[in-house]
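Have a look at the structure below before the remarks.
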Amino acid sequence: MQSPIKCAITNFISNLLRKKNPDEFLEQSAQGGLKKTLNAFDLIILGISAIIGAGIFVMIGSAVIGTTERVGAGPALVLSISLVAIACIFPALCYAEFASMIPVSGSAYIYTFATMGEFAAWMMGWVLMLEYAIGTIAVAASWTGYLIKLFEGFPALPEFLRNPPVWMINDYQTALASGGHIPHILGIPICFNLPAMFVIGIICLVLLKGIQESANFAKIMVFVKVTVIALFIIVGAFYVRPENWVPFAPSGIKGILMGAFAIFYAYIGFDAISTAAEETKNPQKNLPIGLIGSLIICSVIYCLVTIVLTGMMPMSAIDLKAPIAHAMSFVGQDWFAGAIAIGALAGLTSVLLVLQFGTTRILYAMARDGFLPSIMKKVHPKYNTPWIITILSTVLMLIGSLFINMQVAAELAIFGTFSSFIIVCIGILILRKTEPNRPRPFKVPLCPWFPIIGIVFCSGLMIVALREVQTASKLFPLWLVIGIVIYFAYGYKSNRKQVAIQLKRLEESDSNNQQQTTV
C-alpha cells in the first residue's frame, strides 16, 4: 500500500499529464454557441491579413541591413524568405491535420492538451499569449509610425498632428530615451502611445461585433494593402539596377539565417487561422486550404517585394523605419509615399485584427477548460462572441503598449511562434502513434518525415537567434517561468474544480440513464 505522500505525488503527476480526448473538445464546442460563418476564402483573407503587414512595411528593412544586435541578409533576404516559407510549410501541414480533426477554438493549446497533457497545454497557451498579445503591441507601435508618416504628407494639417510630442507616440522607455520634453505628474513621467492604444481599441469593437463582420473588415484592408504592394512591385521594377544586388550575401550564411529570424515576424499569426476552426463552415476542408493557401500566396509576394526593394537602391540607403515608402522617394516617386503609408496602415490594421482575434480565442479555450475564471467564457447573447475576454485582453494590451519596446516585443513574439510550431509538429507525431485509427480528413504527407523536418528547421533558427538576440533571449525564459508560477498558483487548482464539476455531471447523467432504464 502506498504512503499518503507517495499517493499524493502520483496523483499530482497524473494530473499534470492528464490529456483530453479530441472527442471531449468537440462535445464542448457543440455547447459553446460560436457561430459558423467562415468559408475557405474568408480563411485565406485572414491568413493574408496576418502575414502581409509589419513584415513588408517595417521589418524587411532591418532584415536586409541588420540592427545593433544582429547582422542583415542583404539582397540574399530572398533566400531567407524562402527558408522561412519552407520552415513554415511543415508546421502549417501539421496545423491543418490537427484543425481538420479537432475543429474548435484554441489552436495549438487544444492540440497540446490532446497529445501532451494539462501542464504542457497551459504552457502552450501561455506561449501563444506571447505570440499574439505581445505581437499585437509590436504591430500597434509600427501602426503609429506609419500614421505619423501619412500626416507628414499633408502640410495643411496642424503641427501637433504632423509632429506630435514624443511622449504621446511612444512607449515609456522609448519616450524617456528620446531626450524630448516629457510631462510629469507628482514626479512621475507620463508617456503613452496614443495612436497605438486607439487602433487596439477600435479592433476590439470590431471583434465584439462578430467574426463575419471582422472577416469583412479584413477583406477591405487586404484589398487596399495588396493593391499598394502590387503597385510598388510594378513601378519599382522599372528602377531595379542589378548592381545593387552585389554583394548578394554580405554577411554570408549567418546573415541569411538572421534575416530569416527577422522576417519570421511577418509570419506571426498565420497559425491564428486555426483558432477560427469553431467558426468555420466545413472546417475539415476549408482550414487546410486557408492555412496552406495563404502561406504560399504571401511567401511569393514577400520574395517579389524583396527583389524589387534591394534592386532599387544600395543596401546602405534602405530606411529601417519605412523601407518601402523611402525606396519610392529614393527614385523620385514621392507621390507614391502617401499611398505606401495608406497601404501600410491597412496592412498593419489587418494584422492587428488577426492577432487580437487569436488572443481572444486562445483565452476563451483556456477559460472553457477551467484554467481561467468561468466568467471569461461567457458568449455575448446577441453577437455570439466571447465579449468579456475580448474586453479584458484589450485592456491588458493597452497597458502593455505603455511599457514594451517594439523591437523587443517583436523578437519575443517570434520566439513564441517558433515554440508553438515545434510543439504542433511534435503533437502530430504523438497522435499518429497513440490514435492511428482516428479519422483524419487531412493528413500530413510523408509523416513522420515532414513533422520532423519542421521541428529541425524551427529549432535550428531558434537556437541561432537565441545566441544573437540578447534582450529577448533573456526575457523569453522569464516569460516561461512566470507562466509556471501562475499555473501552480492558480491554474492547477482552478482546473481541478472544473474537472470535479464535470465528473459530478457525468455521474448524475449516468445515474439518470440507469433510472430511466430501470423504469
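Here, A, B, ... name the chains of the C-alpha cells in the order displayed, residue numbers run from 1 inside each chain, and ligands are numbered from 1 in the same displayed order.
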Using only C-alpha atoms, determine which residues lie at most 7 Å from segment 457-474 of chain A, disregarding the query and same-chain residues fewer than 2 positions distant; provide the list as a VMD selection string.
chain A and resid 69 to 70 87 257 to 258 261 408 411 to 412 415 418 422 453 to 455 476 to 478
As a list in words, please: every residue in segment 176-414 of chain A that DSSP puts in strand (DSSP E).
His184, Ile185, Ile188 and Pro189 of chain A
Which parts of segment 161-327 of chain A does DSSP call helix (DSSP H, G or I) when run on the backbone here, written out as a PyMOL selection string?
chain A and resi 161-162+166-168+172-178+194-209+211-237+242-245+252-267+270-279+283-312+315-317+323-327
So that I can check the surroundings of Ala177 of chain A, please list as a ChimeraX atom specification every protein, DNA and RNA residue that reaches within 12 Å of it, counting only C-alpha atoms and ignoring chain neighbours fewer than 5 positions away.
/A:166-167,170-172,182,191,405
Among the residues A:Pro445, A:Pro386, A:Gly483, A:Pro75, the one that comes closest to Lys209 of chain A [using only C-alpha atoms]:
A:Pro386
Write out as a PyMOL selection string each polymer residue whose atoms come within 10 Å of segment 126-133 of chain A, counting only C-alpha atoms; drop sequence neighbours fewer than 5 positions from it.
chain A and resi 106-109+120-121+138+265+268-269+272+352+354-360+362-363+366+393-394+396-397+400+409-420+476+479-480+482-484+486-487
Can you write just those residues out, C-alpha atoms, as an mmCIF file, in the first residue's frame?
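Result went into part-v4.cif, see below:
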```
data_model
loop_
_atom_site.group_PDB
_atom_site.id
_atom_site.type_symbol
_atom_site.label_atom_id
_atom_site.label_comp_id
_atom_site.auth_asym_id
_atom_site.auth_seq_id
_atom_site.Cartn_x
_atom_site.Cartn_y
_atom_site.Cartn_z
ATOM 1 C CA GLY A 106 -7.841 27.106 -29.167
ATOM 2 C CA SER A 107 -5.356 26.201 -31.900
ATOM 3 C CA ALA A 108 -2.058 24.773 -30.601
ATOM 4 C CA TYR A 109 -3.289 24.950 -26.994
ATOM 5 C CA ALA A 120 2.065 21.282 -21.439
ATOM 6 C CA ALA A 121 -1.254 22.709 -22.701
ATOM 7 C CA ALA A 138 4.677 45.491 -31.558
ATOM 8 C CA TYR A 265 7.995 38.169 -37.598
ATOM 9 C CA ILE A 268 3.399 35.581 -36.732
ATOM 10 C CA GLY A 269 -0.318 34.993 -36.553
ATOM 11 C CA ALA A 272 -4.240 32.058 -35.841
ATOM 12 C CA LEU A 352 -3.852 43.597 -35.506
ATOM 13 C CA VAL A 354 -5.986 38.620 -36.628
ATOM 14 C CA LEU A 355 -3.621 38.799 -33.641
ATOM 15 C CA GLN A 356 -6.290 40.174 -31.305
ATOM 16 C CA PHE A 357 -8.749 37.605 -32.639
ATOM 17 C CA GLY A 358 -6.262 34.813 -31.919
ATOM 18 C CA THR A 359 -5.644 36.136 -28.410
ATOM 19 C CA THR A 360 -9.339 36.100 -27.510
ATOM 20 C CA ILE A 362 -6.971 31.095 -27.044
ATOM 21 C CA LEU A 363 -8.095 32.665 -23.761
ATOM 22 C CA MET A 366 -8.419 28.106 -21.675
ATOM 23 C CA SER A 393 -7.429 41.134 -23.269
ATOM 24 C CA THR A 394 -7.708 44.550 -24.940
ATOM 25 C CA LEU A 396 -4.082 44.205 -20.937
ATOM 26 C CA MET A 397 -2.708 45.045 -24.396
ATOM 27 C CA GLY A 400 1.415 46.590 -22.243
ATOM 28 C CA ALA A 409 8.134 42.753 -28.372
ATOM 29 C CA ALA A 410 8.626 41.601 -31.975
ATOM 30 C CA GLU A 411 11.520 39.315 -31.054
ATOM 31 C CA LEU A 412 9.617 37.823 -28.112
ATOM 32 C CA ALA A 413 6.652 37.143 -30.394
ATOM 33 C CA ILE A 414 8.987 35.346 -32.837
ATOM 34 C CA PHE A 415 10.231 33.056 -30.060
ATOM 35 C CA GLY A 416 6.630 32.303 -29.176
ATOM 36 C CA THR A 417 5.906 31.393 -32.804
ATOM 37 C CA PHE A 418 8.910 29.081 -33.043
ATOM 38 C CA SER A 419 7.844 27.302 -29.852
ATOM 39 C CA SER A 420 4.255 26.769 -30.981
ATOM 40 C CA PHE A 476 11.679 34.593 -23.122
ATOM 41 C CA TRP A 479 8.061 34.620 -19.526
ATOM 42 C CA LEU A 480 8.019 30.809 -19.243
ATOM 43 C CA ILE A 482 6.046 33.439 -14.913
ATOM 44 C CA GLY A 483 3.684 31.047 -16.709
ATOM 45 C CA ILE A 484 4.775 28.149 -14.500
ATOM 46 C CA ILE A 486 0.719 31.286 -12.425
ATOM 47 C CA TYR A 487 -0.197 27.690 -13.302
#
```
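For the choices A:Lys382, A:Gly311, A:Phe371, A:Leu46, the atom-to-atom distance to Arg496 of chain A is smallest for A:Phe371 when using only C-alpha atoms.
Checking A:Leu208, A:Ile324, A:Ile13, A:Pro451 one by one against Phe336 of chain A, counting only C-alpha atoms, you find the shortest gap at A:Ile324.
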Using atom CA of Ile51 of chain A and atom CA of Leu320 of chain A as the two end points, give the distance in Å to one decimal.
19.1 Å
